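Chemist: I have a structure I would like to understand better, so I am pasting it below and will then ask my questions one at a time.
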There are 2 protein chains.
Amino acid sequence: MFEAAELGRKVSKSEYRDTLPDLRTCLVNAQWRLRDSGVSVLVIVEGVEGVGRGEVVNRLNGWLDTRGTETHAFWDVSSEEQTHPRYWRYWRSLPSRGKIGLFFGGWYAEPLVRGATGEWEDARVEASATRIRDLEHMLALDDTLILKFWFHLDRDTQKQRLKARREDPDSRWSRRRNGDKLLDYKALLGVGETLIRATDTAVAPWYLIEAADARYRDLTVARTLLETISARLDATGPAERKEALSHAPSLPEAEAARRTVLDQVDLGQSLAKPRYRKRLEEAQRCLRSLTWKAFDAGRASVLVFEGWDAAGKGGTIRRLTAGIDARLHRVIPVGAPTDEELAHHYLWRFWRRVPGAGRITVFDRSWYGRVLVERVEGLAQPAQWRRAYHEINDFEQQLCEHGILVHKFWLHISGDEQLARFRAREKTAYKQHKITDEDWRNREKRPEYEAAVNEMVFRTSTEHAPWTLVPSEDKRFGRVAVLETICERLEAALD
Amino acid sequence: MFEAAELGRKVSKSEYRDTLPDLRTCLVNAQWRLRDSGVSVLVIVEGVEGVGRGEVVNRLNGWLDTRGTETHAFWDVSSEEQTHPRYWRYWRSLPSRGKIGLFFGGWYAEPLVRGATGEWEDARVEASATRIRDLEHMLALDDTLILKFWFHLDRDTQKQRLKARREDPDSRWSRRRNGDKLLDYKALLGVGETLIRATDTAVAPWYLIEAADARYRDLTVARTLLETISARLDATGPAERKEALSHAPSLPEAEAARRTVLDQVDLGQSLAKPRYRKRLEEAQRCLRSLTWKAFDAGRASVLVFEGWDAAGKGGTIRRLTAGIDARLHRVIPVGAPTDEELAHHYLWRFWRRVPGAGRITVFDRSWYGRVLVERVEGLAQPAQWRRAYHEINDFEQQLCEHGILVHKFWLHISGDEQLARFRAREKTAYKQHKITDEDWRNREKRPEYEAAVNEMVFRTSTEHAPWTLVPSEDKRFGRVAVLETICERLEAALD
């Protein structure tokens with residue numbers, strides 16, 4: 001999931017300077033409107049070390065009217081706090097209606113640090129997440145707007161930062177968490193993922209912010225804050241108000257700030273025909289024996305295929321199933337739901353297709369329709385697709401708990417390649433049925449879909465059910481990549 | 001909590017016969033309206049053994065139109081079910097929109113049985129409750145009306161029932177859960193309480209039904225079903241719809257069916273003055289040493305006083321604090337909230353008063369105002385006070401986890417005695433300030449308050465934070481009872 005914040009997003013000095021005055025004015029105006037709205041705002045600032053959480057908070061304090069803002073750092077538990085229940089310190093720091101509370105870490109700091117150091121085991125971290133979810137849900141119902149920022153740095157950048165900080169005499173005062181010991185990067189991200197997963201709800205969503213570029217970081221935080229507060233104050237009814245929470249706030253103007261995970265995919269990769277044939281056959285042979293082995297071991301698989309129109313889902317699935325005994329797999333093409341499916345929860349149609357022991361179900365499009373086409377086309381209400389991330393993660397987690405392997409592929413092609421394929425389809429008689437007006441319409445909404453894919457990867461690419469972004473500009477390369485990835489995962493799981 | 005279903009509630013044969021025809025017509029009509037409403041109804045039937053869950057379901061099936069009803073018993077996991085994730089069997093049995101699904105136990109059966117036999121430890125039962133809460137919340141948001149019935153029998157009645165059943169040759173076919181072994185009554189109720197607590201939410205509430213009298217049992221279930229379905233179908237907006245869930249459906253007409261936990265309190269108990277003096281002094285002496293001992297041990301206490309107007313809360317608290325060193329306790333009279341308190345979540349004002357290590361806080365009225373006066377007087381929205389039970393339980397659990405003793409007293413007097421005390425107050429100059437118009441108004445709403453108290457005891461009297469109903473018809477008896485109860489609990493906790 002954190003790959004969605006390693007995109008090199010940046011804002012230039014000049015854009016920063018041009019944007020800031022207006023943004024600050026708007027922020028202060030929003031804060032002014034907030035005062036008598038009955039709504040309180042809680043901003044939680046978390047992330048890996050070295051991301052400059054203090055800088056962000058200082059910046060916000062500088063931009064906001066300090067009379068309506070309270071900052072709370074939760075240091076080591078004081079002797080007074082020690083004599084009270086764990087959450088007492090947070091309760092007494094909660095912002096009142098009309099105010100903005102900025103929390104360093106807040107209730108996340110303890111499970112995060114204790115989880116990363118191994119002091120708390122997984123079950124305890126998860127139990128604390130349940131309590132947090134309850135608390136945030138309760139506050140949200142009481143008109144608290146909750147924004148949680150996770151600031152991220154890739155490992156190398158973090159190392160440079162921390163080194164620079166060590167060498168800077170002025171920064172030796174900035175105290176590190178967990179005493180003087182540095183938290184292990186990987187361990188922190190592991191616990192961070194667990195906590196984010198369990199507490200990323202529609203009423204208290206996490207925003208993952210890339211922190212390598214300070215201008216991008218600060219501008220994005222300020223924009224997100226402004227947009228969510230404004231949306232909340234603009235909405236009228238209580239139900240609408242909750243829906244008004246914006247999950248994907250608009251990004252700074254600069255092209256470099258608008259990158260998504262898809263921009264990281266190297267579309268230049270290709271495979272020549274002879275090599276393709278060889279690797280495909282090899283992968284299919286491999287797959288055949290591995291899927292029988294999985295059958296014997298009772299390990300089922302769920303394979304999800306999503307991607308751009310004409311990215312080659314059908315062709316890839318055909319090559320895939322060619323490598324699996326027909327008794328073991330089933331392909332489920334997901335189109336418009338049946339009457340019976342419509343009469344149930346949207347996950348019902350997928351639950352009924354969950355494979356039994358050792359079997360493989362291939363979903364040609366899937367439950368992710370909820371956060372892709374239904375979101376972009378407005379077929380699902382914002383409240384519906386926003387809570388779907390949490391529902392989907394829980395669904396997939398239940399599959400994984402049962403020992404089912406879940407793998408998800410996004411087949412990626414460029415807009416130009418898509419256009420070329422659309423045109424080719426129109427020209428080939430037996431392919432004409434594959435191109436419809438809808439495809440052309442979808443194509444126009446590519447930027448919206450890109451944003452939706454980026455958010456989907458952040459919110460649903462988990463350790464147990466990861467997304468693989470497949471470069472499919474060259475069909476052959478894409479097909480082989482998918483089959484080989486499945487083989488690798490099967491092999492690892494059956495070991 | 002289960003004491004709220006050991007009241008001897010009954011319905012006579014003639015009342016049953018008079019009520020039934022209308023009730024059945026209404027039920028079938030409601031079912032008819034349900035058909036095209038887009039709402040599905042899920043009824044979960046649970047409880048101790050011998051309560052006749054099968055009879056209830058048969059009765060409902062007889063009364064409802066079977067074309068719109070589906071019954072699902074979840075027996076031992078089938079070989080097909082075994083090869084699928086745990087919840088697969090429930091998902092495929094979920095009722096579709098417009099239908100009513102009757103679940104024997106459903107997702108509660110497994111944690112209940114495995115918890116009661118000790119196969120699952122507490123943490124696992126609680127983890128399963130979290131998953132259940134998520135699932136029910138998700139279904140409720142998708143227009144599923146969820147009703148969960150817990151049928152209860154006291155231990156003696158259960159024994160008779162099971163004995164009769166063993167001797168009846170016709171009933172030997174009715175299979176018991178957990179193979180042939182009977183689940184331990186106490187163990188089952190223990191796990192039942194944990195599960196009910198954790199999953200008793202505003203969108204999927206539990207209804208505790210006394211099952212000793214079959215006519216009362218069946219009539220109450222049918223009425224509850226009818227009223228919640230009707231309320232849901234009558235409500236219009238989506239937010240309102242959720243609020244329309246009725247938590248305390250009207251009871252059958254008969255007096256014997258309208259009993260509450262308060263009717264079980266023996267108001268005839270009294271203490272003569274000399275004996276009162278002696279016991280009061282003894283209790284106060286005891287309290288003094290125990291509270292110092294608790295201080296040394298760092299165990300704090302929270303004491304909650306609720307009760308009828310003029311039941312003697314003030315006098316009791318004065319006798320109580322007379323027995324505790326002034327440095328150790330603090331009395332918080334809870335009246336209208338301050339501006340600052342109004343600007344926060346309603347629990348904030350209580351969180352800030354939570355005692356530090358070894359201290360004692362006495363609340364003269366408390367957070368229970370939310371589900372008593374605010375409910376009855378309409379000061380809180382139904383959705384607000386309905387979710388308060390869960391919020392309050394979580395709050396108190398956090399106190400208990402920290403080692404704080406929580407004890408809650410309801411001071412009970414009869415309506416006649418209250419009237420006499422009101423009149424006396426009016427006549428005594430220095431007591432006139434204690435009687436207001438509001439007291440007289442509250443008095444008129446006694447039946448509503450009684451229902452609210454009954455529901456409060458069911459939903460919030462937990463093993464770790466129990467309610468004590470104090471017979472205060474005789475003030476002296478009530479005072480001594482409170483002090484002695486506190487001494488006992490302190491003694492037990494400090495052992």
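Letters for chains follow the order of the structure tokens (A, B, ...), residue numbers begin at 1 for each chain, and ligand numbers begin at 1 in the order shown.
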With a distance cut-off of 12 Å and only C-alpha atoms, select the neighbouring residues of Arg353 of chain A, excluding the residue or stretch itself and same-chain residues fewer than 6 positions from it, and output the selection as a PyMOL selection string.
Modeler: (chain A and resi 301-303+329-334+341+347+359-363+366-367+399) or (chain B and resi 84-85+88+91-92)
Chemist: For those residues, write C-alpha atoms to a file as an mmCIF file, in the first residue's frame.
Modeler:
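Okay, selection_21.cif is ready:
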data_model
loop_
_atom_site.group_PDB
_atom_site.id
_atom_site.type_symbol
_atom_site.label_atom_id
_atom_site.label_comp_id
_atom_site.auth_asym_id
_atom_site.auth_seq_id
_atom_site.Cartn_x
_atom_site.Cartn_y
_atom_site.Cartn_z
ATOM 1 C CA SER A 301 -7.026 -19.470 -5.084
ATOM 2 C CA VAL A 302 -8.991 -16.385 -6.001
ATOM 3 C CA LEU A 303 -7.620 -14.426 -8.940
ATOM 4 C CA HIS A 329 -10.950 -23.740 -12.237
ATOM 5 C CA ARG A 330 -13.942 -21.615 -12.990
ATOM 6 C CA VAL A 331 -13.998 -18.218 -14.720
ATOM 7 C CA ILE A 332 -16.635 -15.757 -13.535
ATOM 8 C CA PRO A 333 -17.249 -12.870 -15.909
ATOM 9 C CA VAL A 334 -18.686 -10.043 -13.853
ATOM 10 C CA GLU A 341 -27.911 -10.572 -7.032
ATOM 11 C CA LEU A 347 -20.709 -8.781 -1.897
ATOM 12 C CA ARG A 359 -10.166 -24.924 -6.505
ATOM 13 C CA ILE A 360 -9.429 -21.750 -8.411
ATOM 14 C CA THR A 361 -11.889 -19.006 -9.219
ATOM 15 C CA VAL A 362 -10.907 -16.385 -11.754
ATOM 16 C CA PHE A 363 -12.905 -13.172 -11.603
ATOM 17 C CA SER A 366 -14.834 -8.172 -9.564
ATOM 18 C CA TRP A 367 -16.028 -6.526 -6.348
ATOM 19 C CA LEU A 399 -10.664 -15.668 2.473
ATOM 20 C CA HIS B 84 -15.213 -22.725 2.384
ATOM 21 C CA PRO B 85 -14.477 -19.767 4.634
ATOM 22 C CA TRP B 88 -19.779 -18.683 3.527
ATOM 23 C CA TRP B 91 -23.778 -15.511 3.306
ATOM 24 C CA ARG B 92 -25.539 -18.009 1.103
#
Chemist: Compile the residues of chain A that lie within 9 Å of chain B, evaluated using only C-alpha atoms, and express the compilation as a PyMOL selection string.
Modeler: chain A and resi 38+40+80-88+91-92+94-98+123+127+130-131+134-135+138-139+141-143+238-239+298+340-346+348+351-352+354-358+384+387+391+394+398-404
Chemist: Determine which residues of segment 46-270 of chain B receive a DSSP assignment of helix (DSSP H, G or I), computed from the backbone, and state them as a ChimeraX atom specification.
Modeler: /B:53-63,66-68,79-82,88-91,106-116,122-141,155-167,169-173,185-199,214-234,238-243,255-257,261-264
Chemist: Restrict the selected residues to C-alpha atoms and save them as a compact mmCIF listing (two decimals), in the first residue's frame.
Modeler:
# COMPACT_ATOMS: atom_id res chain seq x y z
CA ARG B 53 -36.45 -21.94 19.94
CA GLY B 54 -37.87 -24.48 17.53
CA GLU B 55 -41.40 -23.80 18.78
CA VAL B 56 -40.98 -20.07 18.26
CA VAL B 57 -39.73 -20.53 14.73
CA ASN B 58 -42.56 -22.96 13.95
CA ARG B 59 -45.07 -20.53 15.33
CA LEU B 60 -43.67 -17.65 13.27
CA ASN B 61 -43.68 -19.82 10.18
CA GLY B 62 -47.31 -20.61 10.87
CA TRP B 63 -48.24 -16.96 11.29
CA THR B 66 -44.22 -18.86 4.04
CA ARG B 67 -43.57 -17.63 0.53
CA GLY B 68 -41.75 -14.67 2.02
CA SER B 79 -18.25 -31.23 4.14
CA GLU B 80 -18.97 -28.62 1.49
CA GLU B 81 -19.14 -25.85 4.05
CA GLN B 82 -15.92 -27.05 5.62
CA TRP B 88 -19.78 -18.68 3.53
CA ARG B 89 -22.66 -20.75 4.95
CA TYR B 90 -24.29 -17.63 6.38
CA TRP B 91 -23.78 -15.51 3.31
CA GLY B 106 -26.57 -18.09 12.92
CA TRP B 107 -23.10 -16.64 13.45
CA TYR B 108 -23.62 -16.62 17.21
CA ALA B 109 -23.90 -20.39 17.60
CA GLU B 110 -20.25 -21.18 17.09
CA PRO B 111 -18.65 -18.64 19.47
CA LEU B 112 -21.38 -19.38 21.99
CA VAL B 113 -20.91 -23.14 22.05
CA ARG B 114 -17.14 -23.11 21.71
CA GLY B 115 -16.89 -20.36 24.29
CA ALA B 116 -19.14 -22.20 26.75
CA ASP B 122 -12.19 -15.10 25.81
CA ALA B 123 -9.99 -13.23 23.36
CA ARG B 124 -11.17 -15.43 20.52
CA VAL B 125 -14.82 -15.00 21.45
CA GLU B 126 -14.30 -11.24 21.53
CA ALA B 127 -12.53 -11.26 18.19
CA SER B 128 -15.46 -13.14 16.70
CA ALA B 129 -17.83 -10.54 18.17
CA THR B 130 -15.90 -7.79 16.41
CA ARG B 131 -16.30 -9.56 13.09
CA ILE B 132 -20.00 -10.08 13.75
CA ARG B 133 -20.46 -6.41 14.59
CA ASP B 134 -18.80 -5.43 11.34
CA LEU B 135 -20.95 -7.80 9.33
CA GLU B 136 -24.20 -6.71 10.96
CA HIS B 137 -23.29 -3.08 10.55
CA MET B 138 -22.60 -3.66 6.87
CA LEU B 139 -25.88 -5.51 6.32
CA ALA B 140 -27.83 -2.85 8.21
CA LEU B 141 -26.37 -0.14 5.98
CA ARG B 155 -31.95 -22.19 35.98
CA ASP B 156 -34.70 -24.05 37.87
CA THR B 157 -37.24 -23.69 35.11
CA GLN B 158 -34.65 -24.88 32.63
CA LYS B 159 -33.97 -27.98 34.72
CA GLN B 160 -37.66 -28.88 34.83
CA ARG B 161 -38.00 -28.33 31.11
CA LEU B 162 -35.07 -30.48 30.22
CA LYS B 163 -36.24 -33.22 32.57
CA ALA B 164 -39.72 -33.21 31.05
CA ARG B 165 -38.19 -33.31 27.64
CA ARG B 166 -36.02 -36.30 28.48
CA GLU B 167 -39.07 -38.18 29.68
CA PRO B 169 -40.56 -40.04 24.02
CA ASP B 170 -41.64 -37.66 21.23
CA SER B 171 -38.95 -35.15 21.96
CA ARG B 172 -36.00 -37.48 21.89
CA TRP B 173 -35.61 -36.57 18.23
CA TYR B 185 -25.87 -23.10 32.18
CA LYS B 186 -23.53 -20.65 33.86
CA ALA B 187 -20.83 -20.96 31.23
CA LEU B 188 -23.37 -20.37 28.46
CA LEU B 189 -24.77 -17.26 30.15
CA GLY B 190 -21.25 -15.96 30.72
CA VAL B 191 -20.32 -16.21 27.06
CA GLY B 192 -23.80 -15.04 26.12
CA GLU B 193 -23.31 -11.88 28.14
CA THR B 194 -19.94 -11.20 26.51
CA LEU B 195 -21.39 -11.68 23.04
CA ILE B 196 -24.54 -9.67 23.66
CA ARG B 197 -22.52 -6.81 25.16
CA ALA B 198 -20.16 -6.66 22.24
CA THR B 199 -22.81 -6.91 19.54
CA ALA B 214 -44.82 -19.78 25.92
CA ARG B 215 -47.74 -17.47 25.23
CA TYR B 216 -45.86 -14.42 26.48
CA ARG B 217 -42.78 -15.53 24.57
CA ASP B 218 -44.52 -16.01 21.24
CA LEU B 219 -46.72 -12.96 21.48
CA THR B 220 -43.78 -10.73 22.37
CA VAL B 221 -41.69 -12.01 19.51
CA ALA B 222 -44.53 -11.49 17.05
CA ARG B 223 -45.24 -7.98 18.35
CA THR B 224 -41.61 -6.98 18.26
CA LEU B 225 -41.30 -8.24 14.73
CA LEU B 226 -44.45 -6.45 13.66
CA GLU B 227 -43.54 -3.16 15.30
CA THR B 228 -39.97 -2.98 14.04
CA ILE B 229 -40.96 -3.90 10.49
CA SER B 230 -43.81 -1.39 10.49
CA ALA B 231 -41.67 1.38 11.94
CA ARG B 232 -39.03 0.74 9.32
CA LEU B 233 -41.50 0.76 6.45
CA ASP B 234 -43.27 3.87 7.74
CA PRO B 238 -32.55 6.75 5.10
CA ALA B 239 -31.42 8.31 8.37
CA GLU B 240 -34.88 8.19 9.87
CA ARG B 241 -35.25 4.61 8.80
CA LYS B 242 -32.41 3.55 11.01
CA GLU B 243 -33.82 5.48 13.93
CA GLU B 255 -50.45 -6.50 33.76
CA ALA B 256 -48.44 -9.67 34.31
CA ALA B 257 -46.66 -9.10 31.03
CA VAL B 261 -36.94 -5.45 37.13
CA LEU B 262 -38.21 -2.84 39.55
CA ASP B 263 -41.22 -5.02 40.39
CA GLN B 264 -38.82 -7.62 41.72
Chemist: Hey, what's within 9 Å of Arg365 of chain B if we count only C-alpha atoms and toss same-chain stuff fewer than 3 positions away? As a PyMOL selection string, please?
Modeler: chain B and resi 304-307+313+332-335+368-369
Chemist: Atom CA of Leu494 of chain A and atom CA of Ala297 of chain A, how far apart in Å?
Modeler: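 A separation of 7.8 Å between them.
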Chemist: What lies within 7 Å of Glu70 of chain A using only C-alpha atoms, ignoring chain neighbours under 2 positions off, as an NGL selection string?
Modeler: :A and (68 or 72 or 100-102)
Chemist: Looking only at strand (DSSP E) from DSSP on the backbone, list the matching residues of segment 134-302 of chain A as a list in words.
Modeler: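 The residues of segment 134-302 of chain A classed as strand (DSSP E) are Thr144, Leu145, Ile146, Leu147, Lys148, Phe149, Trp150, Phe151, His152, Trp206, Tyr207, Leu208, Ile209, Glu210, Ser301 and Val302 of chain A.
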Chemist: Using only C-alpha atoms, can you tell me which of B:Glu426, B:Gln284, B:Thr436, B:Asp65 comes closest to Ala30 of chain B?
Modeler: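 Nearest candidate to Ala30 of chain B out of B:Glu426, B:Gln284, B:Thr436, B:Asp65: B:Asp65.
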Chemist: Excluding Arg443 of chain A and any residue of its chain fewer than 3 positions from it, enumerate the residues within 9 Å of it, using only C-alpha atoms, and give them as JSON, numbers by chain.
Modeler: {"A": [308, 309, 415, 418, 419, 438, 439, 440, 446]}
Chemist: So that I have them on file, write out the residues from the current selection with N, CA and C atoms, as a compact mmCIF listing (two decimals), in the first residue's frame.
Modeler:
# COMPACT_ATOMS: atom_id res chain seq x y z
N TRP A 308 -7.73 -1.55 -17.69
CA TRP A 308 -8.37 -0.69 -18.69
C TRP A 308 -9.10 -1.54 -19.71
N ASP A 309 -10.13 -0.97 -20.33
CA ASP A 309 -10.77 -1.64 -21.46
C ASP A 309 -9.70 -1.91 -22.51
N GLY A 415 -2.87 5.40 -22.67
CA GLY A 415 -4.05 5.88 -23.39
C GLY A 415 -3.89 5.71 -24.89
N GLN A 418 -4.38 2.15 -25.91
CA GLN A 418 -5.81 1.81 -25.85
C GLN A 418 -6.53 2.29 -27.11
N LEU A 419 -6.21 3.51 -27.49
CA LEU A 419 -6.84 4.07 -28.69
C LEU A 419 -6.55 3.20 -29.90
N GLU A 438 -19.80 2.54 -24.72
CA GLU A 438 -19.41 2.69 -23.32
C GLU A 438 -17.90 2.74 -23.18
N ASP A 439 -17.22 1.92 -23.96
CA ASP A 439 -15.77 1.93 -23.92
C ASP A 439 -15.21 3.31 -24.23
N TRP A 440 -15.80 3.94 -25.25
CA TRP A 440 -15.35 5.28 -25.61
C TRP A 440 -15.65 6.26 -24.49
N ARG A 446 -10.55 8.86 -18.14
CA ARG A 446 -9.31 8.23 -17.68
C ARG A 446 -8.71 8.89 -16.43
Chemist: What is the distance, in Å and to one decimal place, between atom CA of Val11 of chain A and atom CA of Asp213 of chain A?
Modeler: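 Atom CA of Val11 of chain A sits 7.4 Å away from atom CA of Asp213 of chain A.
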Chemist: Just want the 10 Å neighbourhood of Arg279 of chain A, counted on only C-alpha atoms, with same-chain residues fewer than 2 positions away dropped. Output as a list in words.
Modeler: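 Close residues of Arg279 of chain A: Leu271, Lys273, Pro274, Arg275, Tyr276, Arg277, Glu281, Glu282, Ala283, Gln284, Arg285, Arg476, Phe477, Val480, Ala481, Leu483 and Glu484 of chain A.
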Chemist: I need the chosen residues saved as a PDB file, in the first residue's frame, with C-alpha atoms.
Modeler:
ATOM      1  CA  LEU A 271       8.794  -9.928 -25.172  1.00  0.00           C
ATOM      2  CA  LYS A 273       7.485 -13.966 -29.959  1.00  0.00           C
ATOM      3  CA  PRO A 274       9.886 -16.916 -29.682  1.00  0.00           C
ATOM      4  CA  ARG A 275      10.891 -16.012 -26.161  1.00  0.00           C
ATOM      5  CA  TYR A 276       7.240 -15.360 -25.272  1.00  0.00           C
ATOM      6  CA  ARG A 277       6.186 -18.829 -26.514  1.00  0.00           C
ATOM      7  CA  GLU A 281       4.658 -22.736 -22.160  1.00  0.00           C
ATOM      8  CA  GLU A 282       7.035 -23.044 -19.281  1.00  0.00           C
ATOM      9  CA  ALA A 283       4.710 -21.032 -17.026  1.00  0.00           C
ATOM     10  CA  GLN A 284       1.686 -23.078 -18.086  1.00  0.00           C
ATOM     11  CA  ARG A 285       3.519 -26.319 -17.405  1.00  0.00           C
ATOM     12  CA  ARG A 476       2.868 -10.928 -24.546  1.00  0.00           C
ATOM     13  CA  PHE A 477       4.870  -9.385 -21.754  1.00  0.00           C
ATOM     14  CA  VAL A 480       3.705 -13.969 -19.101  1.00  0.00           C
ATOM     15  CA  ALA A 481       4.088 -11.588 -16.164  1.00  0.00           C
ATOM     16  CA  LEU A 483       1.270 -16.346 -15.159  1.00  0.00           C
ATOM     17  CA  GLU A 484       4.737 -16.190 -13.668  1.00  0.00           C
TER      18      GLU A 484
END
Chemist: List the neighbours of Ala4 of chain A out to 9 Å using only C-alpha atoms; skip same-chain residues closer than 2 positions along the sequence, and give me the result as a list in words.
Modeler: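 Result of the neighbour search: Met1, Phe2, Glu6, Leu7, Leu208, Ile209, Glu210, Thr260, Val261, Asn454, Glu455, Val457 and Phe458 of chain A.
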Chemist: Which value, in Å to one decimal, gives the distance between atom CA of Gly47 of chain A and atom CA of Phe151 of chain A?
Modeler: 4.5 Å
